[in-house]
file data.txt (compact mmCIF, C-alpha atoms and all ligand atoms)
# COMPACT_ATOMS: atom_id res chain seq x y z
CA MET G 1 112.88 139.39 111.96
CA SER G 2 110.31 138.06 109.52
CA ASP G 3 107.22 139.02 107.54
CA GLU G 4 105.49 135.90 108.85
CA SER G 5 103.89 135.74 112.29
CA THR G 6 106.42 135.36 115.09
CA VAL G 7 106.29 134.85 118.84
CA SER G 8 107.89 137.67 120.82
CA LEU G 9 110.39 136.30 123.36
CA GLU G 10 109.70 139.26 125.67
CA THR G 11 105.91 139.18 125.75
CA GLY G 12 105.13 135.66 124.53
CA GLN G 13 102.57 137.25 122.17
CA VAL G 14 102.23 136.24 118.53
CA ALA G 15 103.09 139.15 116.20
CA LYS G 16 100.68 139.37 113.30
CA VAL G 17 101.76 138.63 109.75
CA ASN G 18 102.91 141.80 108.02
CA LEU G 19 100.83 141.76 104.83
CA LEU G 20 103.02 144.52 103.33
CA GLY G 21 105.78 142.05 102.44
CA LEU G 22 103.69 139.21 101.00
CA SER G 23 103.41 138.42 97.28
CA GLY G 24 100.02 137.97 95.60
CA SER G 25 100.60 134.23 95.67
CA ARG G 26 101.44 134.17 99.39
CA LEU G 27 98.42 136.36 100.12
CA GLY G 28 96.34 133.90 98.07
CA ASP G 29 97.63 131.06 100.31
CA LEU G 30 96.65 133.07 103.36
CA PHE G 31 93.08 133.52 102.13
CA GLU G 32 92.87 129.84 101.24
CA GLU G 33 93.86 129.02 104.80
CA LEU G 34 90.94 131.22 105.88
CA GLY G 35 88.62 129.20 103.60
CA GLU G 36 88.36 132.02 101.02
CA LYS G 37 89.11 132.27 97.30
CA ARG G 38 92.72 132.89 96.25
CA PHE G 39 91.85 136.00 94.17
CA ARG G 40 91.31 137.87 97.42
CA GLY G 41 95.13 137.93 97.57
CA THR G 42 95.29 140.05 94.40
CA GLN G 43 92.62 142.37 95.76
CA ILE G 44 94.56 143.05 98.93
CA LEU G 45 97.82 143.44 96.98
CA LYS G 46 96.20 146.21 94.92
CA TRP G 47 94.79 147.91 98.02
CA ILE G 48 98.22 148.09 99.64
CA HIS G 49 100.56 148.78 96.73
CA GLN G 50 98.36 150.51 94.15
CA MET G 51 95.95 152.44 96.32
CA GLY G 52 98.25 152.90 99.30
CA THR G 53 95.66 151.65 101.80
CA CYS G 54 97.04 150.09 104.96
CA ASP G 55 93.83 150.06 107.01
CA LEU G 56 92.04 146.73 106.51
CA ASP G 57 88.72 148.42 107.35
CA GLU G 58 89.00 150.56 104.21
CA MET G 59 89.34 147.56 101.90
CA SER G 60 85.73 147.76 100.83
CA ASN G 61 85.62 144.83 98.40
CA LEU G 62 86.31 142.44 101.29
CA SER G 63 83.29 141.67 103.43
CA LYS G 64 83.22 143.02 106.97
CA PRO G 65 83.37 139.53 108.58
CA LEU G 66 86.36 138.64 106.35
CA ARG G 67 88.19 141.88 107.27
CA THR G 68 87.56 141.10 110.95
CA ARG G 69 88.97 137.58 110.56
CA LEU G 70 91.95 138.84 108.57
CA ALA G 71 92.69 141.42 111.26
CA THR G 72 93.10 138.68 113.86
CA ILE G 73 96.13 137.26 112.00
CA GLY G 74 97.48 140.04 109.79
CA GLU G 75 98.10 143.77 109.52
CA VAL G 76 100.06 146.24 107.41
CA ARG G 77 103.07 147.53 109.34
CA LEU G 78 105.14 150.28 107.71
CA PRO G 79 108.60 151.40 108.77
CA GLU G 80 108.60 154.74 110.58
CA VAL G 81 109.80 157.90 108.81
CA VAL G 82 112.10 159.73 111.24
CA SER G 83 112.97 162.61 108.93
CA CYS G 84 112.53 163.69 105.35
CA GLN G 85 114.70 166.40 103.80
CA ASP G 86 114.25 168.10 100.44
CA SER G 87 117.10 169.56 98.45
CA VAL G 88 116.64 172.65 96.30
CA ASP G 89 117.29 170.42 93.25
CA GLY G 90 114.37 168.11 94.16
CA THR G 91 116.43 165.31 95.71
CA ARG G 92 114.62 163.90 98.75
CA LYS G 93 116.30 161.97 101.54
CA TRP G 94 114.58 159.97 104.28
CA LEU G 95 115.83 158.54 107.52
CA ILE G 96 113.70 155.50 108.34
CA ARG G 97 113.46 153.61 111.63
CA LEU G 98 112.83 149.85 111.50
CA GLU G 99 111.55 147.37 114.05
CA GLY G 100 114.22 147.07 116.74
CA GLY G 101 115.07 150.79 116.51
CA SER G 102 117.87 150.84 113.91
CA CYS G 103 117.74 153.29 111.02
CA ILE G 104 118.36 153.18 107.30
CA GLU G 105 118.49 155.84 104.59
CA MET G 106 116.66 156.19 101.32
CA VAL G 107 117.18 158.77 98.58
CA TYR G 108 114.98 159.87 95.65
CA ILE G 109 116.68 161.57 92.71
CA PRO G 110 114.42 163.27 90.17
CA GLU G 111 115.61 163.72 86.61
CA ARG G 112 113.89 165.15 83.54
CA ASP G 113 112.41 161.83 82.38
CA ARG G 114 112.43 159.69 85.53
CA GLY G 115 112.54 159.54 89.32
CA THR G 116 114.98 157.05 90.84
CA LEU G 117 114.64 155.68 94.35
CA CYS G 118 117.77 154.25 95.96
CA VAL G 119 116.67 151.54 98.41
CA SER G 120 118.56 149.86 101.29
CA SER G 121 118.65 146.09 101.84
CA GLN G 122 120.53 145.72 105.13
CA ILE G 123 121.22 147.67 108.31
CA GLY G 124 124.96 148.20 107.97
CA CYS G 125 127.00 145.91 105.76
CA ALA G 126 129.48 143.12 106.38
CA LEU G 127 131.57 143.67 103.24
CA ASP G 128 133.49 146.62 104.71
CA CYS G 129 134.55 148.37 101.50
CA ALA G 130 137.33 150.78 102.41
CA PHE G 131 135.61 153.92 101.06
CA CYS G 132 132.07 153.28 102.34
CA ALA G 133 130.34 154.99 105.29
CA THR G 134 127.89 152.06 105.65
CA GLY G 135 130.74 149.53 105.73
CA LYS G 136 132.26 151.40 108.66
CA GLN G 137 129.19 150.55 110.78
CA GLY G 138 129.60 146.80 110.51
CA PHE G 139 126.62 144.54 109.93
CA ASN G 140 123.51 144.72 112.08
CA ARG G 141 120.81 142.69 110.27
CA ASP G 142 119.03 141.96 106.99
CA LEU G 143 115.87 143.87 106.11
CA THR G 144 112.65 141.88 105.73
CA THR G 145 110.76 141.95 102.43
CA ALA G 146 108.23 144.30 104.07
CA GLU G 147 111.00 146.67 105.12
CA ILE G 148 112.44 146.77 101.60
CA ILE G 149 109.15 147.21 99.74
CA GLY G 150 107.99 149.52 102.55
CA GLN G 151 110.62 152.02 101.37
CA VAL G 152 109.01 152.10 97.91
CA TRP G 153 105.57 152.51 99.53
CA ILE G 154 106.81 155.42 101.68
CA ALA G 155 108.32 157.24 98.69
CA ALA G 156 105.26 156.63 96.48
CA ASN G 157 102.98 157.85 99.25
CA SER G 158 105.03 160.97 99.87
CA PHE G 159 104.64 161.96 96.20
CA GLY G 160 100.87 161.31 96.24
CA GLN G 161 101.44 158.51 93.72
CA PHE G 162 98.55 156.42 95.05
CA VAL G 163 96.00 158.96 93.80
CA PRO G 164 95.71 160.20 90.20
CA GLY G 165 97.54 163.35 89.16
CA ALA G 166 100.89 162.95 90.99
CA THR G 167 103.55 165.11 89.34
CA ARG G 168 106.47 163.14 90.75
CA ARG G 169 106.65 159.36 90.80
CA VAL G 170 109.01 156.51 91.54
CA THR G 171 109.75 155.29 88.01
CA ASN G 172 113.04 153.49 88.75
CA VAL G 173 114.40 151.63 91.76
CA VAL G 174 118.05 150.86 92.40
CA MET G 175 119.03 148.37 95.10
CA MET G 176 122.09 150.47 95.82
CA GLY G 177 121.49 151.91 99.28
CA MET G 178 122.86 150.50 102.53
CA GLY G 179 123.92 146.86 102.40
CA GLU G 180 124.89 144.24 99.84
CA PRO G 181 121.57 143.06 98.32
CA LEU G 182 122.84 139.61 97.36
CA MET G 183 123.70 138.90 101.01
CA ASN G 184 119.97 139.24 101.73
CA PHE G 185 118.96 137.23 98.69
CA ASP G 186 115.45 135.91 99.38
CA HIS G 187 114.01 139.11 100.84
CA VAL G 188 115.54 141.25 98.08
CA VAL G 189 114.23 138.97 95.31
CA ASP G 190 110.75 138.90 96.88
CA ALA G 191 110.73 142.70 97.21
CA MET G 192 111.91 143.18 93.61
CA ASN G 193 109.15 140.82 92.44
CA LEU G 194 106.65 143.11 94.15
CA MET G 195 108.19 146.12 92.38
CA LEU G 196 107.69 144.31 89.06
CA ASP G 197 104.23 142.88 89.79
CA ASP G 198 101.51 144.54 87.66
CA ASN G 199 99.15 144.26 90.62
CA ALA G 200 101.64 146.15 92.80
CA TYR G 201 104.09 148.78 91.41
CA GLY G 202 104.30 147.40 87.85
CA LEU G 203 107.83 148.64 87.13
CA SER G 204 109.60 147.20 84.10
CA LYS G 205 112.62 144.94 84.68
CA ARG G 206 114.76 147.57 82.96
CA ARG G 207 113.78 150.07 85.65
CA VAL G 208 114.71 147.90 88.63
CA THR G 209 118.46 147.54 89.13
CA LEU G 210 120.36 145.39 91.58
CA SER G 211 123.89 146.52 92.38
CA THR G 212 126.41 144.08 93.81
CA ALA G 213 130.02 144.24 94.98
CA GLY G 214 130.58 140.69 93.73
CA VAL G 215 128.97 137.85 95.70
CA VAL G 216 129.52 135.50 92.77
CA PRO G 217 127.53 132.37 93.81
CA ALA G 218 124.51 134.53 94.67
CA LEU G 219 124.81 136.43 91.38
CA ASP G 220 124.77 133.13 89.48
CA LYS G 221 121.68 132.13 91.46
CA LEU G 222 120.01 135.47 90.75
CA GLY G 223 120.18 134.82 87.02
CA ASP G 224 118.05 131.70 87.56
CA VAL G 225 115.22 133.53 89.31
CA SER G 226 115.26 137.15 88.11
CA ASP G 227 116.09 139.29 85.10
CA VAL G 228 116.24 142.77 86.57
CA SER G 229 118.99 145.12 85.42
CA LEU G 230 122.42 144.56 86.90
CA ALA G 231 125.08 146.98 88.17
CA ILE G 232 128.47 145.74 89.31
CA SER G 233 130.56 147.79 91.73
CA LEU G 234 134.17 147.41 90.58
CA HIS G 235 136.06 150.50 91.81
CA ALA G 236 139.42 149.03 90.74
CA PRO G 237 140.81 147.57 87.50
CA ASN G 238 143.05 144.88 89.06
CA ASP G 239 142.94 142.42 91.93
CA ALA G 240 145.80 143.94 93.91
CA LEU G 241 144.00 147.28 94.26
CA ARG G 242 140.52 145.81 94.52
CA ASN G 243 141.60 143.49 97.34
CA GLN G 244 142.30 146.64 99.35
CA LEU G 245 139.22 148.62 98.38
CA VAL G 246 136.58 145.86 98.19
CA PRO G 247 137.68 143.00 100.49
CA ILE G 248 135.20 140.48 99.04
CA ASN G 249 137.49 140.51 96.00
CA ARG G 250 139.90 138.26 97.94
CA LYS G 251 137.22 135.58 97.85
CA TYR G 252 135.79 136.27 94.39
CA PRO G 253 138.45 137.99 92.24
CA LEU G 254 137.65 140.33 89.36
CA ARG G 255 137.79 137.73 86.58
CA GLU G 256 135.28 135.48 88.41
CA PHE G 257 133.02 138.46 89.10
CA ILE G 258 133.02 139.67 85.52
CA ASP G 259 132.47 136.17 84.15
CA SER G 260 129.51 135.83 86.51
CA ALA G 261 128.06 139.14 85.27
CA ARG G 262 128.49 137.86 81.72
CA ARG G 263 126.63 134.64 82.61
CA TYR G 264 123.86 136.77 84.13
CA LEU G 265 123.47 138.67 80.86
CA ASP G 266 123.57 135.44 78.85
CA LYS G 267 120.53 134.19 80.77
CA MET G 268 118.52 137.30 79.84
CA PRO G 269 115.89 136.75 77.18
CA ASP G 270 116.71 140.21 75.80
CA ASN G 271 120.28 140.13 74.51
CA ARG G 272 120.48 143.90 73.99
CA ARG G 273 120.92 144.52 77.66
CA LYS G 274 124.11 145.78 79.27
CA VAL G 275 125.61 145.69 82.74
CA THR G 276 126.31 149.04 84.42
CA VAL G 277 129.83 149.16 85.82
CA GLU G 278 130.09 151.42 88.88
CA TYR G 279 133.53 152.91 89.49
CA THR G 280 134.05 155.30 92.41
CA LEU G 281 136.99 157.57 91.65
CA MET G 282 139.26 158.53 94.54
CA ASP G 283 142.10 160.99 94.34
CA ARG G 284 145.42 159.25 93.56
CA VAL G 285 144.01 155.83 94.47
CA ASN G 286 142.31 154.48 91.36
CA ASP G 287 142.15 157.51 89.07
CA ARG G 288 145.33 157.26 87.00
CA SER G 289 145.46 156.92 83.20
CA GLU G 290 146.86 153.39 83.47
CA HIS G 291 143.90 152.43 85.67
CA ALA G 292 141.51 153.66 82.97
CA ARG G 293 143.35 151.67 80.27
CA GLU G 294 143.46 148.57 82.48
CA LEU G 295 139.72 148.91 83.11
CA ALA G 296 139.04 149.22 79.38
CA GLU G 297 141.00 146.01 78.77
CA LEU G 298 139.31 144.15 81.64
CA LEU G 299 135.79 144.92 80.39
CA ARG G 300 136.47 144.14 76.73
CA GLU G 301 134.22 141.05 76.60
CA LEU G 302 131.40 142.41 78.78
CA PRO G 303 128.50 144.34 77.19
CA CYS G 304 128.48 147.31 79.55
CA LYS G 305 128.32 151.02 80.16
CA ILE G 306 130.49 152.66 82.77
CA ASN G 307 129.26 155.02 85.47
CA LEU G 308 132.04 157.06 87.10
CA ILE G 309 131.23 158.26 90.61
CA PRO G 310 133.39 160.98 92.17
CA PHE G 311 134.00 159.86 95.77
CA ASN G 312 131.84 161.74 98.28
CA PRO G 313 134.05 162.25 101.37
CA PHE G 314 132.63 161.76 104.88
CA PRO G 315 134.18 162.52 108.29
CA GLY G 316 136.90 159.99 109.00
CA ALA G 317 137.16 158.82 105.39
CA ASP G 318 140.61 157.75 104.23
CA PHE G 319 140.10 159.06 100.70
CA LYS G 320 139.58 162.31 98.85
CA ARG G 321 137.38 163.28 95.95
CA VAL G 322 138.97 162.87 92.52
CA THR G 323 140.09 166.13 90.88
CA ASN G 324 138.14 167.33 87.87
CA THR G 325 141.27 167.00 85.71
CA ALA G 326 141.75 163.34 86.65
CA LEU G 327 138.02 162.65 86.27
CA ASN G 328 137.89 164.10 82.76
CA ARG G 329 141.07 162.28 81.72
CA PHE G 330 139.72 158.97 83.03
CA ARG G 331 136.41 159.47 81.23
CA ASP G 332 138.08 160.46 77.94
CA ILE G 333 140.35 157.40 77.90
CA LEU G 334 137.39 155.06 78.38
CA HIS G 335 135.39 156.98 75.82
CA ASP G 336 138.23 156.74 73.28
CA GLU G 337 138.34 152.98 73.95
CA GLY G 338 134.74 152.82 72.73
CA TYR G 339 132.78 152.73 76.00
CA THR G 340 129.63 154.63 76.89
CA VAL G 341 130.64 156.57 79.99
CA THR G 342 128.47 158.62 82.34
CA VAL G 343 129.60 160.67 85.30
CA ARG G 344 127.32 160.72 88.32
CA THR G 345 126.64 164.34 89.11
CA THR G 346 126.44 165.34 92.74
CA ARG G 347 122.82 165.89 93.68
CA GLY G 348 121.22 167.24 96.81
CA ASP G 349 124.38 169.03 97.93
CA ASP G 350 122.49 170.97 100.61
CA ILE G 351 121.17 167.78 102.28
CA ALA G 352 124.06 165.58 101.30
CA ALA G 353 125.92 163.11 103.36
CA ALA G 354 127.72 160.05 102.09
CA CYS G 355 125.30 157.14 101.82
CA GLY G 356 125.04 155.45 105.21
CA GLN G 357 126.56 158.30 107.17
CA LEU G 358 123.32 159.67 108.56
CA ALA G 359 121.92 156.30 109.64
CA GLY G 360 125.35 155.30 110.94
CA GLU G 361 125.36 158.20 113.35
CA VAL G 362 121.95 157.11 114.65
CA ASN G 363 122.73 153.39 114.83
CA ASP G 364 126.38 152.78 115.67
CA LYS G 365 125.29 149.80 117.73
CA THR G 366 128.29 147.64 116.99
CA ARG G 367 130.54 150.53 118.05
CA ARG G 368 132.61 149.67 114.97
CA GLN G 369 132.29 153.23 113.76
CA ALA G 370 133.41 154.56 117.12
CA ARG G 371 136.37 152.16 117.09
CA TYR G 372 137.20 153.29 113.56
CA LYS G 373 137.15 156.94 114.64
CA ARG G 374 139.38 156.17 117.63
CA ARG G 375 141.84 154.34 115.35
CA LEU G 376 141.87 157.32 113.02
CA GLU G 377 142.49 159.76 115.85
CA LYS G 378 145.33 157.56 117.09
CA GLN G 379 146.89 157.54 113.62
CA GLN G 380 146.63 161.32 113.43
CA VAL G 381 148.33 161.68 116.83
CA ILE G 382 151.16 159.35 115.69
CA LYS G 383 151.54 161.41 112.50
CA MET G 384 151.74 164.61 114.55
CA ILE G 385 154.40 163.09 116.84
CA GLU G 386 156.38 161.86 113.84
CA ALA G 387 156.16 165.21 112.02
S1 LIG D 401 129.96 149.77 99.20
FE1 LIG D 401 128.13 148.47 99.31
S2 LIG D 401 128.95 146.40 99.60
FE2 LIG D 401 130.62 147.81 100.11
S3 LIG D 401 130.46 148.12 102.35
FE3 LIG D 401 129.29 149.76 101.34
S4 LIG D 401 127.17 148.99 101.31
FE4 LIG D 401 128.52 147.22 101.65
call {"tool": "encode", "arguments": {"input": "data.txt", "output": "structure tokens"}}
result
Amino acid sequence: MSDESTVSLETGQVAKVNLLGLSGSRLGDLFEELGEKRFRGTQILKWIHQMGTCDLDEMSNLSKPLRTRLATIGEVRLPEVVSCQDSVDGTRKWLIRLEGGSCIEMVYIPERDRGTLCVSSQIGCALDCAFCATGKQGFNRDLTTAEIIGQVWIAANSFGQFVPGATRRVTNVVMMGMGEPLMNFDHVVDAMNLMLDDNAYGLSKRRVTLSTAGVVPALDKLGDVSDVSLAISLHAPNDALRNQLVPINRKYPLREFIDSARRYLDKMPDNRRKVTVEYTLMDRVNDRSEHARELAELLRELPCKINLIPFNPFPGADFKRVTNTALNRFRDILHDEGYTVTVRTTRGDDIAAACGQLAGEVNDKTRRQARYKRRLEKQQVIKMIEA
């Protein structure tokens, strides 16, 4: 799956280049190949990402013969919106079908001073974190750049952002949906560059956040090519527990991960920036006072703020939501240790499902989820026999 032209094995036909996923520079190359000036690339970038125009015929500052020639090699192909649900609190959730038929999810969370879009980078995920609905599906494939930036386009379009006067907008993007973004490095970096590009969405680097579970070599590489905001998904304060919850920890243990996050910050031109530490709290798993103190000690050298996320249970999940008492105690300990701590409030309760659950029910191609459910049922039967 690519943004460039490809030959279909079934039909033998050449698929056109998807212009949606190309940078201004790559679009400039394309026009040069057509014997045109490079600045045409910027013009088409603005048509697609600032004016929301996907029909080449409407791009009126390109001559008719040029539009006709462009249409022979390129087009703008958007992912398909299968469903779009609105919560009473303004949260909006989409189910989006990609080429090949698999689905992903995307969520928009409005707040008083911003609107945050949570974007997916892969169909499924190979990292198999123990508490994650997406991980239970296994890995299907990486998203193309067009499929990642296409999510931003779809959200912006649905809020009327491409015409003046929109009351809601995408002001922030978090690469925190389905998938591990650093496992789809090139496409994610290209898509984030489009989010930042003043001729496309023009978001500030502080308003685009990449969240990773700890693919250390890729995180080191990211610091060489990007300076977006960083979130690290820890979920445990020591290796023994994290090895169980986030299996990639066995390859890149906590100390290596945190040192890599520190190196990422050190490469930033703006040394006031902090990493966001994501910590999903699960009842009697990682929510004890000693866990909070251990976490405080672990993060001592890392400029950071901590975001506590009460676990959102899904059918078949092995974990329960943290109690309010444990959540408050955990937060207070970190606060007393001098950390800035936020608690993610549950939004969109009436349309809620754990991230990845909805798409997982549609996809389930690898049958991993079905196998997982069968295993769970078996365990429950054994428990009943033993009781
Ligand atoms: S939590 Fe993130 S990295 Fe872990 S399995 Fe889920 S999507 Fe993948």
call {"tool": "closest_residue", "arguments": {"input": "data.txt", "among": "G:Leu222, G:Leu34, G:Cys132, G:Met51", "to": "ligand LIG 401 (chain D)", "atoms": "all atoms listed in the file"}}
result
G:Cys132
call {"tool": "closest_atom_pairs", "arguments": {"input": "data.txt", "of": "chain G", "to": "ligand LIG 401 (chain D)", "cutoff": "8 Å", "atoms": "all atoms listed in the file", "output": "CSV"}}
result
residue,atom,partner,partner_atom,distance
G:Gly124,CA,D:LIG401,S4,7.1
G:Cys125,CA,D:LIG401,FE4,4.6
G:Ala126,CA,D:LIG401,FE4,6.3
G:Leu127,CA,D:LIG401,S3,4.7
G:Asp128,CA,D:LIG401,S3,4.1
G:Cys129,CA,D:LIG401,S3,4.2
G:Ala130,CA,D:LIG401,S3,7.4
G:Phe131,CA,D:LIG401,S1,7.3
G:Cys132,CA,D:LIG401,FE3,4.6
G:Ala133,CA,D:LIG401,FE3,6.6
G:Thr134,CA,D:LIG401,FE3,5.1
G:Gly135,CA,D:LIG401,S3,3.7
G:Lys136,CA,D:LIG401,S3,7.3
G:Met176,CA,D:LIG401,FE1,7.3
G:Gly177,CA,D:LIG401,S4,6.7
G:Met178,CA,D:LIG401,S4,4.7
G:Gly179,CA,D:LIG401,S4,4.0
G:Glu180,CA,D:LIG401,S2,4.6
G:Thr212,CA,D:LIG401,S2,6.7
G:Ala213,CA,D:LIG401,S2,5.2
G:Ser233,CA,D:LIG401,S1,7.8
G:Val246,CA,D:LIG401,FE2,6.6
G:Gly356,CA,D:LIG401,S4,7.8
call {"tool": "closest_residue", "arguments": {"input": "data.txt", "among": "G:Ile154, G:Leu143, G:Val275, G:Lys37", "to": "G:Cys54", "atoms": "all atoms listed in the file"}}
result
G:Ile154
call {"tool": "residues_around", "arguments": {"input": "data.txt", "residues": "stretch 18-22 of chain G", "least_positions_apart": "5", "cutoff": "9 Å", "atoms": "only C-alpha atoms", "output": "number ranges by chain"}}
result
G: 2-5, 27, 44-45, 48-49, 54, 74-78, 144-150, 187, 190-191, 194
call {"tool": "residues_around", "arguments": {"input": "data.txt", "residues": "G:Arg92", "least_positions_apart": "3", "cutoff": "8 Å", "atoms": "all atoms listed in the file", "output": "number ranges by chain"}}
result
G: 84-87, 107-109, 348
call {"tool": "residues_around", "arguments": {"input": "data.txt", "residues": "G:Asn307", "least_positions_apart": "5", "cutoff": "12 Å", "atoms": "all atoms listed in the file", "output": "list of chain:residue names"}}
result
G:Ala231, G:Ile232, G:Ser233, G:Leu234, G:His235, G:Val275, G:Thr276, G:Val277, G:Glu278, G:Tyr279, G:Thr280, G:Leu281, G:Leu327, G:Phe330, G:Arg331, G:Leu334, G:His335, G:Tyr339, G:Thr340, G:Val341, G:Thr342, G:Val343, G:Arg344, G:Thr345
call {"tool": "residues_around", "arguments": {"input": "data.txt", "residues": "G:Gly202", "least_positions_apart": "5", "cutoff": "12 Å", "atoms": "all atoms listed in the file", "output": "list of chain:residue names"}}
result
G:Leu45, G:Lys46, G:His49, G:Gln50, G:Val170, G:Thr171, G:Asn172, G:Val173, G:Met192, G:Asn193, G:Leu194, G:Met195, G:Leu196, G:Asp197, G:Arg207, G:Val208
call {"tool": "closest_residue", "arguments": {"input": "data.txt", "among": "G:Gln151, G:Asn199, G:Ser121, G:Thr53", "to": "G:Ile96", "atoms": "all atoms listed in the file"}}
result
G:Gln151
call {"tool": "atom_distance", "arguments": {"input": "data.txt", "atom1": "atom CA of G:Gly223", "atom2": "atom CA of G:Lys267"}}
result
6.3 Å
call {"tool": "residues_around", "arguments": {"input": "data.txt", "residues": "stretch 68-71 of chain G", "least_positions_apart": "2", "cutoff": "12 Å", "atoms": "all atoms listed in the file", "output": "ChimeraX atom specification"}}
result
/G:15-19,27,30-36,40-41,44,54-59,62-66,73-76
call {"tool": "write_last_selection", "arguments": {"input": "data.txt", "atoms": "C-alpha atoms", "output": "JSON list (two decimals), in the frame of the given file"}}
result
[["chain", "number", "residue", "atom", "x", "y", "z"],
["G", 15, "ALA", "CA", 103.09, 139.15, 116.20],
["G", 16, "LYS", "CA", 100.68, 139.37, 113.30],
["G", 17, "VAL", "CA", 101.76, 138.63, 109.75],
["G", 18, "ASN", "CA", 102.91, 141.80, 108.02],
["G", 19, "LEU", "CA", 100.83, 141.76, 104.83],
["G", 27, "LEU", "CA", 98.42, 136.36, 100.12],
["G", 30, "LEU", "CA", 96.65, 133.07, 103.36],
["G", 31, "PHE", "CA", 93.08, 133.52, 102.13],
["G", 32, "GLU", "CA", 92.87, 129.84, 101.24],
["G", 33, "GLU", "CA", 93.86, 129.02, 104.80],
["G", 34, "LEU", "CA", 90.94, 131.22, 105.88],
["G", 35, "GLY", "CA", 88.62, 129.20, 103.60],
["G", 36, "GLU", "CA", 88.36, 132.02, 101.02],
["G", 40, "ARG", "CA", 91.31, 137.87, 97.42],
["G", 41, "GLY", "CA", 95.13, 137.93, 97.57],
["G", 44, "ILE", "CA", 94.56, 143.05, 98.93],
["G", 54, "CYS", "CA", 97.04, 150.09, 104.96],
["G", 55, "ASP", "CA", 93.83, 150.06, 107.01],
["G", 56, "LEU", "CA", 92.04, 146.73, 106.51],
["G", 57, "ASP", "CA", 88.72, 148.42, 107.35],
["G", 58, "GLU", "CA", 89.00, 150.56, 104.21],
["G", 59, "MET", "CA", 89.34, 147.56, 101.90],
["G", 62, "LEU", "CA", 86.31, 142.44, 101.29],
["G", 63, "SER", "CA", 83.29, 141.67, 103.43],
["G", 64, "LYS", "CA", 83.22, 143.02, 106.97],
["G", 65, "PRO", "CA", 83.37, 139.53, 108.58],
["G", 66, "LEU", "CA", 86.36, 138.64, 106.35],
["G", 73, "ILE", "CA", 96.13, 137.26, 112.00],
["G", 74, "GLY", "CA", 97.48, 140.04, 109.79],
["G", 75, "GLU", "CA", 98.10, 143.77, 109.52],
["G", 76, "VAL", "CA", 100.06, 146.24, 107.41]]
call {"tool": "residues_near_point", "arguments": {"input": "data.txt", "point": "(105.0, 150.6, 95.5)", "cutoff": "6 Å", "atoms": "all atoms listed in the file", "output": "MDAnalysis selection string"}}
result
chainID G and resid 49 152:153 201
call {"tool": "atom_distance", "arguments": {"input": "data.txt", "atom1": "atom CA of G:Asn324", "atom2": "atom CA of G:Arg255"}}
result
29.6 Å
call {"tool": "closest_residue", "arguments": {"input": "data.txt", "among": "G:Val216, G:Val163, G:Val285, G:Met268", "to": "G:Trp47", "atoms": "only C-alpha atoms"}}
result
G:Val163
call {"tool": "closest_residue", "arguments": {"input": "data.txt", "among": "G:Leu245, G:Val225, G:Ile123, G:Leu219", "to": "G:Asp259", "atoms": "only C-alpha atoms"}}
result
G:Leu219
call {"tool": "atom_distance", "arguments": {"input": "data.txt", "atom1": "atom CA of G:Ala326", "atom2": "atom CA of G:Ala292"}}
result
10.4 Å
